[in-house]
$ cat upload_1.cif   # mmCIF, C-alpha atoms and all ligand atoms
data_protein
loop_
_atom_site.label_atom_id
_atom_site.label_comp_id
_atom_site.auth_asym_id
_atom_site.auth_seq_id
_atom_site.Cartn_x
_atom_site.Cartn_y
_atom_site.Cartn_z
CA MET A 38 -124.02 -152.18 -215.78
CA ALA A 39 -122.32 -151.13 -212.53
CA LEU A 40 -124.60 -149.64 -209.91
CA LEU A 41 -123.64 -147.07 -207.30
CA VAL A 42 -125.51 -145.89 -204.19
CA GLN A 43 -124.69 -142.38 -202.97
CA LYS A 44 -126.08 -141.02 -199.70
CA PHE A 45 -126.07 -137.33 -198.83
CA GLY A 46 -126.53 -136.24 -195.20
CA GLY A 47 -128.46 -133.22 -194.00
CA SER A 48 -125.55 -130.79 -193.81
CA SER A 49 -124.53 -131.74 -197.37
CA LEU A 50 -128.01 -130.69 -198.60
CA ALA A 51 -128.65 -127.70 -196.35
CA THR A 52 -128.91 -125.06 -199.12
CA ALA A 53 -129.96 -124.95 -202.78
CA GLU A 54 -126.26 -124.66 -203.78
CA LYS A 55 -125.41 -127.77 -201.79
CA VAL A 56 -128.28 -129.70 -203.38
CA MET A 57 -126.96 -128.65 -206.82
CA ARG A 58 -123.45 -129.74 -205.85
CA ALA A 59 -124.71 -133.16 -204.72
CA ALA A 60 -126.74 -133.47 -207.94
CA LYS A 61 -123.54 -132.86 -209.94
CA ARG A 62 -121.81 -135.69 -208.10
CA ALA A 63 -124.63 -138.06 -209.00
CA VAL A 64 -124.61 -136.92 -212.64
CA ALA A 65 -120.81 -137.34 -212.89
CA GLN A 66 -121.18 -141.01 -211.97
CA PHE A 67 -124.08 -141.45 -214.38
CA GLU A 68 -121.95 -139.88 -217.12
CA ASP A 69 -119.25 -142.46 -216.30
CA GLY A 70 -121.70 -145.16 -217.32
CA ARG A 71 -123.10 -146.22 -213.95
CA GLN A 72 -126.63 -146.62 -212.71
CA VAL A 73 -127.03 -144.26 -209.77
CA VAL A 74 -129.33 -144.47 -206.74
CA VAL A 75 -129.16 -141.44 -204.45
CA VAL A 76 -130.41 -141.61 -200.85
CA VAL A 77 -131.09 -138.29 -199.17
CA SER A 78 -131.55 -137.05 -195.58
CA ALA A 79 -133.65 -134.08 -194.53
CA GLN A 80 -131.96 -130.72 -195.11
CA GLY A 81 -129.86 -129.29 -192.25
CA ASP A 82 -131.70 -129.70 -188.95
CA TYR A 83 -135.14 -129.89 -190.49
CA THR A 84 -135.93 -133.14 -188.64
CA ASP A 85 -135.24 -131.40 -185.30
CA HIS A 86 -137.53 -128.59 -186.40
CA LEU A 87 -140.32 -131.05 -187.22
CA ILE A 88 -139.93 -132.73 -183.82
CA GLU A 89 -140.14 -129.33 -182.12
CA MET A 90 -143.33 -128.61 -184.06
CA ALA A 91 -144.85 -131.82 -182.74
CA ARG A 92 -143.74 -131.11 -179.15
CA ALA A 93 -145.19 -127.60 -179.30
CA ILE A 94 -148.56 -129.29 -179.67
CA HIS A 95 -148.12 -132.43 -177.57
CA ALA A 96 -145.40 -133.11 -174.98
CA SER A 97 -145.43 -136.84 -175.66
CA PRO A 98 -146.46 -137.20 -179.31
CA ASP A 99 -148.02 -140.39 -180.56
CA PRO A 100 -145.19 -142.31 -182.31
CA ARG A 101 -147.26 -143.11 -185.41
CA GLU A 102 -148.15 -139.47 -185.98
CA LEU A 103 -144.59 -138.38 -185.18
CA ASP A 104 -143.33 -140.70 -187.92
CA ALA A 105 -145.87 -139.33 -190.40
CA LEU A 106 -144.52 -135.87 -189.60
CA ILE A 107 -140.75 -136.42 -189.50
CA ALA A 108 -140.65 -138.51 -192.68
CA VAL A 109 -141.59 -135.32 -194.52
CA GLY A 110 -138.05 -133.89 -194.32
CA GLU A 111 -136.58 -136.58 -196.56
CA GLN A 112 -139.40 -136.17 -199.08
CA VAL A 113 -138.59 -132.48 -199.41
CA SER A 114 -134.94 -133.31 -200.09
CA SER A 115 -135.68 -136.08 -202.57
CA ALA A 116 -137.95 -133.92 -204.72
CA LEU A 117 -135.45 -131.04 -204.62
CA MET A 118 -132.65 -133.40 -205.64
CA ALA A 119 -134.70 -134.73 -208.57
CA LEU A 120 -135.38 -131.14 -209.67
CA ALA A 121 -131.66 -130.32 -209.40
CA ILE A 122 -130.81 -133.26 -211.67
CA HIS A 123 -133.51 -132.22 -214.16
CA LYS A 124 -131.93 -128.77 -214.20
CA LEU A 125 -128.62 -130.35 -215.19
CA GLY A 126 -130.44 -131.94 -218.13
CA TYR A 127 -130.72 -135.53 -216.88
CA GLY A 128 -133.62 -137.82 -216.05
CA ALA A 129 -134.36 -138.38 -212.37
CA ILE A 130 -137.29 -139.47 -210.22
CA SER A 131 -137.83 -139.14 -206.48
CA LEU A 132 -139.33 -142.07 -204.58
CA THR A 133 -140.63 -142.26 -201.01
CA GLY A 134 -139.53 -145.23 -198.89
CA ALA A 135 -142.83 -146.96 -199.75
CA GLN A 136 -142.44 -146.32 -203.48
CA ALA A 137 -138.91 -147.72 -203.28
CA GLY A 138 -140.36 -150.94 -201.80
CA ILE A 139 -138.95 -150.52 -198.27
CA ARG A 140 -141.03 -152.53 -195.79
CA THR A 141 -140.32 -152.30 -192.08
CA ASP A 142 -141.63 -153.74 -188.84
CA GLU A 143 -144.28 -151.82 -186.86
CA VAL A 144 -142.01 -150.14 -184.28
CA SER A 145 -142.67 -146.45 -184.95
CA THR A 146 -139.66 -144.08 -184.67
CA LYS A 147 -137.13 -146.93 -184.65
CA ALA A 148 -138.42 -149.39 -187.21
CA ARG A 149 -136.20 -152.04 -188.76
CA ILE A 150 -136.20 -152.81 -192.45
CA ARG A 151 -137.74 -156.21 -193.16
CA THR A 152 -137.68 -156.44 -196.94
CA ILE A 153 -136.96 -154.33 -199.98
CA ASP A 154 -138.83 -154.97 -203.21
CA THR A 155 -136.47 -153.41 -205.73
CA ALA A 156 -138.73 -153.80 -208.81
CA ARG A 157 -139.70 -150.12 -209.09
CA VAL A 158 -136.16 -148.84 -208.50
CA ARG A 159 -134.78 -151.26 -211.07
CA SER A 160 -137.36 -150.34 -213.69
CA GLU A 161 -136.68 -146.61 -213.22
CA LEU A 162 -132.93 -147.26 -213.53
CA ALA A 163 -133.55 -149.30 -216.68
CA GLU A 164 -135.41 -146.30 -218.12
CA GLY A 165 -132.15 -144.36 -217.78
CA ARG A 166 -133.16 -142.30 -214.73
CA ILE A 167 -131.18 -141.45 -211.64
CA VAL A 168 -133.34 -142.68 -208.75
CA ILE A 169 -133.59 -140.55 -205.62
CA VAL A 170 -134.87 -142.37 -202.52
CA ALA A 171 -136.06 -140.57 -199.38
CA GLY A 172 -133.87 -142.01 -196.61
CA PHE A 173 -134.90 -142.80 -193.02
CA GLN A 174 -138.40 -144.05 -193.92
CA GLY A 175 -140.42 -147.07 -194.94
CA VAL A 176 -143.90 -148.47 -194.44
CA ASP A 177 -145.11 -151.26 -192.18
CA ARG A 178 -147.43 -154.13 -193.06
CA GLU A 179 -150.46 -151.84 -192.84
CA ASP A 180 -148.84 -149.10 -194.92
CA ASN A 181 -148.24 -146.82 -191.94
CA ILE A 182 -145.22 -144.59 -192.53
CA THR A 183 -142.36 -145.58 -190.22
CA THR A 184 -138.91 -144.10 -189.58
CA LEU A 185 -135.70 -145.95 -188.82
CA GLY A 186 -134.35 -143.94 -185.86
CA ARG A 187 -132.29 -140.74 -185.86
CA GLY A 188 -129.51 -140.89 -188.44
CA GLY A 189 -131.33 -143.73 -190.22
CA SER A 190 -130.77 -142.56 -193.80
CA ASP A 191 -127.38 -144.26 -193.67
CA THR A 192 -129.22 -147.52 -193.07
CA THR A 193 -131.52 -146.92 -196.05
CA ALA A 194 -128.44 -146.43 -198.24
CA VAL A 195 -126.63 -149.58 -197.10
CA ALA A 196 -129.82 -151.66 -197.24
CA LEU A 197 -130.47 -150.53 -200.82
CA ALA A 198 -126.85 -151.20 -201.75
CA ALA A 199 -127.23 -154.75 -200.41
CA ALA A 200 -130.60 -155.36 -202.05
CA LEU A 201 -129.46 -154.01 -205.42
CA GLY A 202 -126.04 -155.68 -205.31
CA ALA A 203 -124.37 -152.28 -205.73
CA GLU A 204 -120.74 -152.11 -206.74
CA ARG A 205 -120.16 -149.24 -204.29
CA CYS A 206 -121.89 -147.29 -201.56
CA ASP A 207 -120.66 -143.78 -200.72
CA ILE A 208 -121.90 -142.02 -197.59
CA PHE A 209 -121.23 -138.30 -198.15
CA THR A 210 -121.03 -136.16 -195.04
CA ASP A 211 -119.47 -133.01 -193.58
CA VAL A 212 -116.17 -134.52 -192.36
CA GLU A 213 -113.23 -136.25 -194.08
CA GLY A 214 -114.31 -139.67 -192.86
CA ILE A 215 -113.97 -141.58 -189.61
CA TYR A 216 -111.71 -140.12 -186.92
CA THR A 217 -110.45 -141.47 -183.60
CA ALA A 218 -113.04 -139.19 -181.93
CA ASP A 219 -115.50 -136.49 -183.00
CA PRO A 220 -113.19 -133.89 -184.63
CA ARG A 221 -115.55 -131.11 -183.57
CA ILE A 222 -114.88 -131.88 -179.91
CA VAL A 223 -111.31 -133.19 -180.16
CA PRO A 224 -109.40 -131.00 -182.65
CA GLU A 225 -106.37 -133.33 -182.62
CA ALA A 226 -108.51 -136.39 -183.49
CA ARG A 227 -106.88 -138.51 -186.19
CA TRP A 228 -108.46 -139.50 -189.48
CA THR A 229 -108.27 -143.16 -190.45
CA PRO A 230 -108.08 -144.48 -194.05
CA SER A 231 -109.90 -147.72 -193.19
CA ILE A 232 -111.77 -149.25 -190.29
CA ASP A 233 -113.18 -152.67 -189.48
CA TYR A 234 -116.96 -153.18 -189.33
CA ASP A 235 -116.84 -154.30 -185.70
CA GLU A 236 -114.90 -151.30 -184.50
CA LEU A 237 -117.09 -148.83 -186.34
CA LEU A 238 -120.15 -150.69 -185.09
CA GLU A 239 -119.02 -150.18 -181.50
CA MET A 240 -118.10 -146.54 -182.09
CA ALA A 241 -121.43 -145.85 -183.78
CA SER A 242 -123.49 -147.56 -181.11
CA LEU A 243 -121.52 -145.76 -178.41
CA GLY A 244 -122.49 -142.34 -179.69
CA ALA A 245 -120.19 -141.43 -182.61
CA GLN A 246 -123.06 -140.06 -184.68
CA VAL A 247 -121.01 -140.08 -187.89
CA ILE A 248 -122.85 -143.20 -189.05
CA HIS A 249 -126.05 -144.99 -188.01
CA TYR A 250 -124.96 -148.18 -186.23
CA ARG A 251 -127.57 -150.26 -188.02
CA ALA A 252 -126.04 -149.26 -191.36
CA VAL A 253 -122.77 -150.82 -190.18
CA GLU A 254 -124.59 -153.89 -188.89
CA LEU A 255 -126.25 -154.41 -192.29
CA ALA A 256 -123.05 -153.73 -194.21
CA LYS A 257 -121.25 -156.36 -192.20
CA ARG A 258 -124.02 -158.91 -192.63
CA TYR A 259 -124.32 -158.43 -196.39
CA ASP A 260 -120.65 -157.67 -197.14
CA VAL A 261 -121.34 -154.15 -198.34
CA VAL A 262 -118.01 -152.35 -198.50
CA PHE A 263 -118.71 -148.64 -198.14
CA ARG A 264 -116.97 -145.31 -197.74
CA VAL A 265 -117.67 -142.41 -195.41
CA ARG A 266 -116.39 -139.40 -197.33
CA PRO A 267 -116.69 -135.63 -197.52
CA SER A 268 -119.30 -134.10 -199.82
CA TYR A 269 -117.29 -130.85 -200.21
CA ASN A 270 -114.16 -132.24 -201.91
CA GLU A 271 -112.91 -135.26 -203.85
CA SER A 272 -111.23 -137.07 -200.91
CA GLU A 273 -111.82 -140.79 -200.82
CA GLY A 274 -112.68 -140.74 -197.10
CA THR A 275 -112.60 -143.84 -194.90
CA LEU A 276 -113.14 -147.34 -196.25
CA VAL A 277 -115.29 -149.53 -194.02
CA CYS A 278 -114.69 -153.23 -194.54
CA ASN A 279 -113.54 -156.45 -192.93
CA LEU A 280 -110.03 -155.95 -191.52
CA SER A 281 -110.03 -158.96 -189.23
CA ASP A 282 -106.61 -160.12 -190.40
CA GLN A 283 -105.09 -156.99 -188.82
CA MET A 284 -106.98 -157.25 -185.59
CA GLU A 285 -104.26 -158.76 -183.46
CA GLN A 286 -102.24 -155.57 -183.68
CA VAL A 287 -105.04 -153.26 -182.74
CA ASP A 288 -105.31 -151.71 -179.33
CA VAL A 289 -107.54 -148.72 -178.62
CA ARG A 290 -108.84 -147.28 -181.91
CA GLY A 291 -111.16 -144.51 -180.92
CA ALA A 292 -113.21 -142.74 -178.28
CA ALA A 293 -116.85 -141.68 -178.36
CA LEU A 294 -119.16 -139.56 -176.26
CA ASP A 295 -122.91 -140.05 -176.02
CA ALA A 296 -124.83 -137.24 -174.36
CA GLY A 297 -128.19 -138.63 -175.42
CA GLU A 298 -128.86 -141.03 -172.55
CA ALA A 299 -130.48 -140.64 -169.14
CA LYS A 300 -130.34 -142.77 -165.99
CA VAL A 301 -133.32 -144.23 -164.16
CA THR A 302 -132.95 -145.59 -160.61
CA ILE A 303 -135.48 -147.67 -158.70
CA ARG A 304 -134.51 -147.47 -155.03
CA GLY A 305 -134.96 -150.06 -152.31
CA VAL A 306 -136.04 -152.97 -154.49
CA PRO A 307 -136.33 -156.34 -152.62
CA ASP A 308 -133.11 -158.24 -153.37
CA GLN A 309 -134.75 -161.50 -154.50
CA PRO A 310 -134.58 -163.83 -157.50
CA GLY A 311 -136.89 -162.76 -160.32
CA VAL A 312 -137.04 -159.06 -159.50
CA ALA A 313 -134.62 -157.94 -162.23
CA ALA A 314 -136.45 -160.17 -164.72
CA ARG A 315 -139.73 -158.52 -163.75
CA ILE A 316 -138.35 -154.99 -164.16
CA PHE A 317 -136.63 -155.49 -167.48
CA SER A 318 -139.26 -157.66 -169.12
CA ARG A 319 -141.80 -154.91 -168.38
CA ILE A 320 -139.49 -152.32 -169.97
CA ALA A 321 -138.74 -154.51 -172.97
CA ARG A 322 -142.46 -155.07 -173.53
CA ASP A 323 -142.80 -151.34 -174.15
CA GLY A 324 -140.02 -151.45 -176.74
CA ILE A 325 -137.66 -149.27 -174.68
CA ASN A 326 -133.97 -150.01 -175.25
CA VAL A 327 -131.91 -150.35 -172.09
CA ASP A 328 -128.16 -149.81 -172.30
CA MET A 329 -126.23 -150.11 -169.03
CA ILE A 330 -127.59 -151.78 -165.90
CA VAL A 331 -126.11 -151.55 -162.41
CA GLN A 332 -127.41 -153.01 -159.16
CA ASN A 333 -126.12 -151.91 -155.74
CA VAL A 334 -127.07 -154.21 -152.88
CA SER A 335 -127.60 -152.70 -149.45
CA GLU A 336 -127.40 -154.53 -146.15
CA GLN A 337 -131.11 -154.76 -145.40
CA GLY A 338 -131.86 -157.07 -148.32
CA LEU A 339 -132.77 -154.14 -150.54
CA ALA A 340 -131.10 -153.10 -153.78
CA ASP A 341 -130.97 -149.98 -155.96
CA VAL A 342 -131.37 -150.84 -159.65
CA SER A 343 -130.10 -148.23 -162.13
CA PHE A 344 -130.24 -148.38 -165.90
CA THR A 345 -129.74 -146.01 -168.81
CA VAL A 346 -132.15 -145.38 -171.69
CA MET A 347 -132.26 -142.97 -174.60
CA GLU A 348 -133.24 -139.55 -173.26
CA SER A 349 -136.06 -139.39 -175.80
CA GLU A 350 -137.60 -142.45 -174.08
CA LEU A 351 -137.07 -141.21 -170.51
CA THR A 352 -140.65 -140.06 -169.90
CA ARG A 353 -142.03 -143.46 -170.83
CA ALA A 354 -139.28 -145.30 -168.91
CA MET A 355 -140.01 -143.23 -165.78
CA ASP A 356 -143.76 -143.96 -165.98
CA ILE A 357 -142.93 -147.67 -165.99
CA ALA A 358 -140.28 -147.32 -163.24
CA GLU A 359 -142.76 -145.51 -160.97
CA SER A 360 -145.45 -148.09 -161.45
CA LEU A 361 -142.93 -150.94 -160.90
CA SER A 362 -141.70 -149.25 -157.74
CA ASP A 363 -145.26 -149.29 -156.36
CA LYS A 364 -145.85 -152.89 -157.37
CA LEU A 365 -142.55 -154.09 -155.86
CA SER A 366 -143.06 -151.98 -152.70
CA ALA A 367 -139.74 -150.28 -153.49
CA ALA A 368 -138.70 -146.89 -152.13
CA GLY A 369 -139.37 -144.93 -155.34
CA ALA A 370 -137.98 -144.11 -158.78
CA GLU A 371 -135.88 -141.17 -159.87
CA SER A 372 -134.24 -140.00 -163.08
CA ASP A 373 -131.01 -138.21 -163.94
CA SER A 374 -130.54 -136.65 -167.38
CA ASP A 375 -127.34 -134.90 -166.44
CA ILE A 376 -125.13 -137.75 -167.65
CA ALA A 377 -122.90 -138.65 -170.61
CA LYS A 378 -121.34 -141.94 -171.61
CA LEU A 379 -117.67 -141.90 -172.53
CA SER A 380 -116.32 -144.99 -174.29
CA ILE A 381 -113.08 -146.26 -175.74
CA VAL A 382 -113.18 -148.83 -178.52
CA GLY A 383 -110.68 -151.25 -179.99
CA ILE A 384 -110.49 -154.87 -180.94
CA GLY A 385 -108.10 -156.78 -178.70
CA MET A 386 -108.62 -154.42 -175.77
CA ARG A 387 -109.60 -157.03 -173.27
CA SER A 388 -106.19 -158.65 -173.34
CA HIS A 389 -104.66 -155.36 -172.21
CA ALA A 390 -105.38 -155.10 -168.50
CA ALA A 391 -103.73 -151.70 -168.47
CA VAL A 392 -106.46 -150.16 -170.64
CA ALA A 393 -109.03 -149.72 -167.86
CA ASP A 394 -106.38 -148.43 -165.49
CA LYS A 395 -105.27 -145.82 -168.03
CA MET A 396 -108.82 -144.64 -168.69
CA PHE A 397 -109.72 -144.35 -165.00
CA ARG A 398 -106.48 -142.50 -164.25
CA ALA A 399 -107.05 -140.04 -167.10
CA LEU A 400 -110.47 -139.25 -165.64
CA ALA A 401 -109.19 -139.05 -162.09
CA GLU A 402 -106.48 -136.58 -163.10
CA GLU A 403 -109.22 -134.28 -164.43
CA GLY A 404 -111.21 -134.71 -161.20
CA ILE A 405 -114.01 -136.50 -163.06
CA ASN A 406 -116.14 -138.91 -161.04
CA ILE A 407 -117.33 -142.20 -162.60
CA LEU A 408 -121.00 -143.05 -161.99
CA MET A 409 -121.30 -146.35 -163.91
CA ILE A 410 -118.89 -148.66 -165.76
CA SER A 411 -119.44 -151.34 -168.38
CA THR A 412 -117.03 -153.40 -170.47
CA SER A 413 -117.12 -155.80 -173.38
CA GLU A 414 -114.66 -157.59 -175.62
CA ILE A 415 -113.89 -154.41 -177.54
CA LYS A 416 -115.09 -151.43 -175.49
CA LEU A 417 -115.00 -149.81 -172.08
CA SER A 418 -117.67 -147.24 -171.15
CA CYS A 419 -117.98 -144.90 -168.17
CA VAL A 420 -121.01 -142.79 -167.30
CA ILE A 421 -119.97 -139.38 -166.00
CA ARG A 422 -121.58 -135.97 -165.46
CA ARG A 423 -122.68 -134.43 -168.77
CA ALA A 424 -120.89 -131.13 -168.21
CA ALA A 425 -117.56 -132.99 -167.95
CA GLY A 426 -118.16 -134.99 -171.16
CA GLU A 427 -116.12 -133.04 -173.69
CA LYS A 428 -113.22 -132.44 -171.30
CA ALA A 429 -113.21 -136.16 -170.47
CA LEU A 430 -113.24 -137.14 -174.16
CA ARG A 431 -110.20 -134.94 -174.84
CA ALA A 432 -108.38 -136.28 -171.74
CA VAL A 433 -108.93 -139.92 -172.67
CA HIS A 434 -108.00 -139.25 -176.31
CA ARG A 435 -104.72 -137.76 -175.06
CA ALA A 436 -104.04 -140.54 -172.56
CA PHE A 437 -104.27 -143.20 -175.29
CA GLU A 438 -102.23 -141.08 -177.73
CA LEU A 439 -104.93 -141.41 -180.37
CA ASP A 440 -103.70 -138.26 -182.10
CA ARG A 441 -100.64 -139.96 -183.64
CA GLU A 442 -100.26 -140.70 -187.40
CA SER A 443 -101.78 -140.06 -190.85
CA GLN A 444 -103.88 -137.27 -192.42
CA PRO A 445 -106.35 -137.61 -195.33
CA GLU A 446 -105.08 -137.50 -198.89
CA GLU A 447 -106.95 -135.66 -201.66
P1 LIG A 501 -124.89 -136.34 -191.88
O1 LIG A 501 -125.82 -135.18 -191.78
O2 LIG A 501 -124.03 -136.31 -193.10
O3 LIG A 501 -125.57 -137.67 -191.68
P2 LIG A 501 -123.97 -136.40 -189.13
O4 LIG A 501 -124.06 -135.07 -188.45
O5 LIG A 501 -125.00 -137.42 -188.85
O6 LIG A 501 -123.85 -136.14 -190.70
O7 LIG A 501 -122.53 -137.05 -188.85
C1 LIG A 501 -121.36 -136.32 -189.11
C2 LIG A 501 -120.80 -135.76 -187.81
O8 LIG A 501 -120.41 -136.84 -186.95
C3 LIG A 501 -119.53 -134.97 -187.97
O9 LIG A 501 -119.80 -133.62 -188.26
C4 LIG A 501 -118.81 -135.15 -186.64
O10 LIG A 501 -118.93 -134.01 -185.82
C5 LIG A 501 -119.56 -136.30 -185.95
N1 LIG A 501 -118.67 -137.37 -185.46
C6 LIG A 501 -118.81 -137.96 -184.25
N2 LIG A 501 -117.87 -138.87 -184.06
C7 LIG A 501 -117.10 -138.90 -185.18
C8 LIG A 501 -115.95 -139.67 -185.58
N3 LIG A 501 -115.41 -140.59 -184.79
N4 LIG A 501 -115.43 -139.43 -186.81
C9 LIG A 501 -115.97 -138.50 -187.62
N5 LIG A 501 -117.05 -137.73 -187.29
C10 LIG A 501 -117.62 -137.92 -186.08
N1 LIG A 502 -133.21 -136.81 -191.00
C1 LIG A 502 -133.06 -137.89 -190.06
C2 LIG A 502 -132.39 -137.38 -188.79
O1 LIG A 502 -132.11 -136.20 -188.67
C3 LIG A 502 -132.32 -139.05 -190.66
C4 LIG A 502 -130.89 -138.80 -191.09
O2 LIG A 502 -130.42 -137.66 -191.09
O3 LIG A 502 -130.21 -139.77 -191.42
O4 LIG A 502 -132.20 -138.13 -187.89
MG MG A 503 -126.10 -138.81 -190.01
#
$ encode --input "upload_1.cif" --output "structure tokens"
Amino acid sequence: MALLVQKFGGSSLATAEKVMRAAKRAVAQFEDGRQVVVVVSAQGDYTDHLIEMARAIHASPDPRELDALIAVGEQVSSALMALAIHKLGYGAISLTGAQAGIRTDEVSTKARIRTIDTARVRSELAEGRIVIVAGFQGVDREDNITTLGRGGSDTTAVALAAALGAERCDIFTDVEGIYTADPRIVPEARWTPSIDYDELLEMASLGAQVIHYRAVELAKRYDVVFRVRPSYNESEGTLVCNLSDQMEQVDVRGAALDAGEAKVTIRGVPDQPGVAARIFSRIARDGINVDMIVQNVSEQGLADVSFTVMESELTRAMDIAESLSDKLSAAGAESDSDIAKLSIVGIGMRSHAAVADKMFRALAEEGINILMISTSEIKLSCVIRRAAGEKALRAVHRAFELDRESQPEE
């Protein structure tokens, strides 16, 4: 029997009516003769609310306890969804991540899924029930509750689709699918009917919050073809799959803004072999993800080392930077949260030397200063002042004429 995974995001479950509407979508597929697994996020901004509750008590909450708290949001949604399906007269059962067999590593607040034991889910499906799984959560080897990082319910859905060999995976959200940029910031952003895993992976890791980047990573690895589609109408949304045969034609495909990073600078570091290794191995040991790194060398054999981290990890990163500064006899550490990262993405970009020129000129024309730059095969990112972020995103979107072409079909 064909099996379908449906994932509903927080905004698609924000009210009792929306939960009922999502339940009807699951039931419609069940009625069509499919087995249905539904993955749910916390309602609305309930996860933010839970984080605020923790911070009201402790400024730097213990990650294990934070996970125990924020996993609650998805449990609320999963039980409500099961009740909604019961109300429609169908069998359904809600399962926590642990009950659904989702085992992760031990890295609280950004755990990775290690294995999924699908026995319980399969036996519930075989009993004729719709199975509702709380997204975003799992348990580690010692049964501690872990969460997968903000937006991680998408990853639960794709991982379950892979483990269960699902015929389809639908990610229901509050937009028509994937656009060339966030349509809330760039009104003329263009919807796309399909996108390649690699491009979406870059967009997602560069701040387009529409999908959790690890969901795309998993989908690519396990060949899970999935759709990002609206929960409020019947549109098919955007198909995410392997489009590598079309890649040669592609230039710049989209732009993304990430206002969730902060910059740390260690000033006056001795410019000697081994110093960078010492700094970044110490940071890696604490499990802090570093994104961009820039080193400016001064004339007196001293260097300033700057790097960006997730803003939520800034306090810990600064503690380490200050202690490293003392140990290296550097001039001190400072932080800057007033930044945003603007990126353009597209396979085949590197062969177009004009791309960087066009992006820098678009920013210059708006009087926007560039603080850091990084490039790869398929992306170009600039760190700028946060207040200029949205204006810069619109300017770059315009400069690359990303607003041309198709609209979604119902
Ligand atoms: P959900 O609660 O369903 O997981 P999210 O809020 O995580 O939804 O993601 C959907 C949001 O992502 C949209 O409302 C949109 O503002 C934002 N977004 C950012 N970049 C893009 C993009 N390139 N295409 C579509 N949506 C985007
Ligand atoms: N509820 C979690 C979050 O807000 C996970 C998710 O929505 O995917 O980050
Ligand atoms: Mg999301």
$ closest_atom_pairs --input "upload_1.cif" --of "chain A" --to "ligand LIG 501 (chain A)" --cutoff "9 Å" --atoms "all atoms listed in the file" --output "CSV"
residue,atom,partner,partner_atom,distance
A:Lys44,CA,A:LIG501,O2,8.4
A:Phe45,CA,A:LIG501,O2,6.2
A:Gly46,CA,A:LIG501,O2,3.3
A:Gly47,CA,A:LIG501,O1,4.0
A:Ser48,CA,A:LIG501,O1,4.8
A:Ser49,CA,A:LIG501,O2,6.3
A:Leu50,CA,A:LIG501,O1,8.5
A:Ser78,CA,A:LIG501,O1,7.1
A:Ala79,CA,A:LIG501,O1,8.4
A:Gln80,CA,A:LIG501,O1,8.3
A:Gly81,CA,A:LIG501,O1,7.2
A:Asp82,CA,A:LIG501,O1,8.5
A:Arg187,CA,A:LIG501,O5,8.6
A:Gly188,CA,A:LIG501,O5,5.7
A:Gly189,CA,A:LIG501,O3,8.5
A:Ser190,CA,A:LIG501,O3,7.4
A:Asp191,CA,A:LIG501,O3,7.1
A:Ile208,CA,A:LIG501,O2,7.6
A:Phe209,CA,A:LIG501,O2,6.1
A:Thr210,CA,A:LIG501,O2,3.6
A:Asp211,CA,A:LIG501,O9,5.4
A:Val212,CA,A:LIG501,C3,5.5
A:Glu213,CA,A:LIG501,C9,7.4
A:Gly214,CA,A:LIG501,C9,5.6
A:Ile215,CA,A:LIG501,N4,3.8
A:Tyr216,CA,A:LIG501,N4,3.8
A:Thr217,CA,A:LIG501,N3,5.2
A:Ala218,CA,A:LIG501,N3,4.0
A:Asp219,CA,A:LIG501,N2,3.5
A:Pro220,CA,A:LIG501,O10,5.9
A:Arg221,CA,A:LIG501,O10,5.0
A:Ile222,CA,A:LIG501,O10,7.5
A:Ala226,CA,A:LIG501,N3,8.2
A:Arg227,CA,A:LIG501,N4,8.6
A:Trp228,CA,A:LIG501,N4,7.5
A:Thr229,CA,A:LIG501,N4,8.9
A:Leu237,CA,A:LIG501,N3,8.6
A:Met240,CA,A:LIG501,N3,7.1
A:Ala241,CA,A:LIG501,N2,7.8
A:Gly244,CA,A:LIG501,N2,7.2
A:Ala245,CA,A:LIG501,N2,3.7
A:Gln246,CA,A:LIG501,O8,4.7
A:Val247,CA,A:LIG501,O8,3.4
A:Ile248,CA,A:LIG501,O7,6.2
A:His249,CA,A:LIG501,O5,7.7
A:Val265,CA,A:LIG501,C9,8.9
A:Pro267,CA,A:LIG501,O2,8.6
A:Ser268,CA,A:LIG501,O2,8.5
A:Gly291,CA,A:LIG501,N3,7.0
A:Ala292,CA,A:LIG501,N3,7.2
A:Ala293,CA,A:LIG501,N2,6.4
A:Leu294,CA,A:LIG501,N2,7.9
$ atom_distance --input "upload_1.cif" --atom1 "atom CA of A:Lys55" --atom2 "atom CA of A:Asp85"
19.5 Å
$ residues_around --input "upload_1.cif" --residues "A:Ala401" --least-positions-apart "6" --cutoff "12 Å" --atoms "only C-alpha atoms" --output "ChimeraX atom specification"
/A:394-395,407,421,425,429,432-433,436
$ residues_around --input "upload_1.cif" --residues "A:Lys428" --least-positions-apart "4" --cutoff "12 Å" --atoms "only C-alpha atoms" --output "PyMOL selection string"
chain A and resi 222-223+294+377+379+399-400+402-405+421-424+432-435
$ closest_residue --input "upload_1.cif" --among "A:Ser318, A:Ser372, A:Ser418, A:Thr193" --to "ligand MG 503 (chain A)" --atoms "only C-alpha atoms and all ligand atoms"
A:Thr193
$ closest_residue --input "upload_1.cif" --among "A:Val113, A:Ala194, A:Ile139, A:Leu365" --to "ligand MG 503 (chain A)" --atoms "only C-alpha atoms and all ligand atoms"
A:Ala194
$ atom_distance --input "upload_1.cif" --atom1 "atom CA of A:Glu371" --atom2 "atom CA of A:Ile303"
6.6 Å
$ residues_around --input "upload_1.cif" --residues "A:Glu161" --least-positions-apart "4" --cutoff "12 Å" --atoms "only C-alpha atoms" --output "ChimeraX atom specification"
/A:72-74,128-132,136-137,155-157,165-170
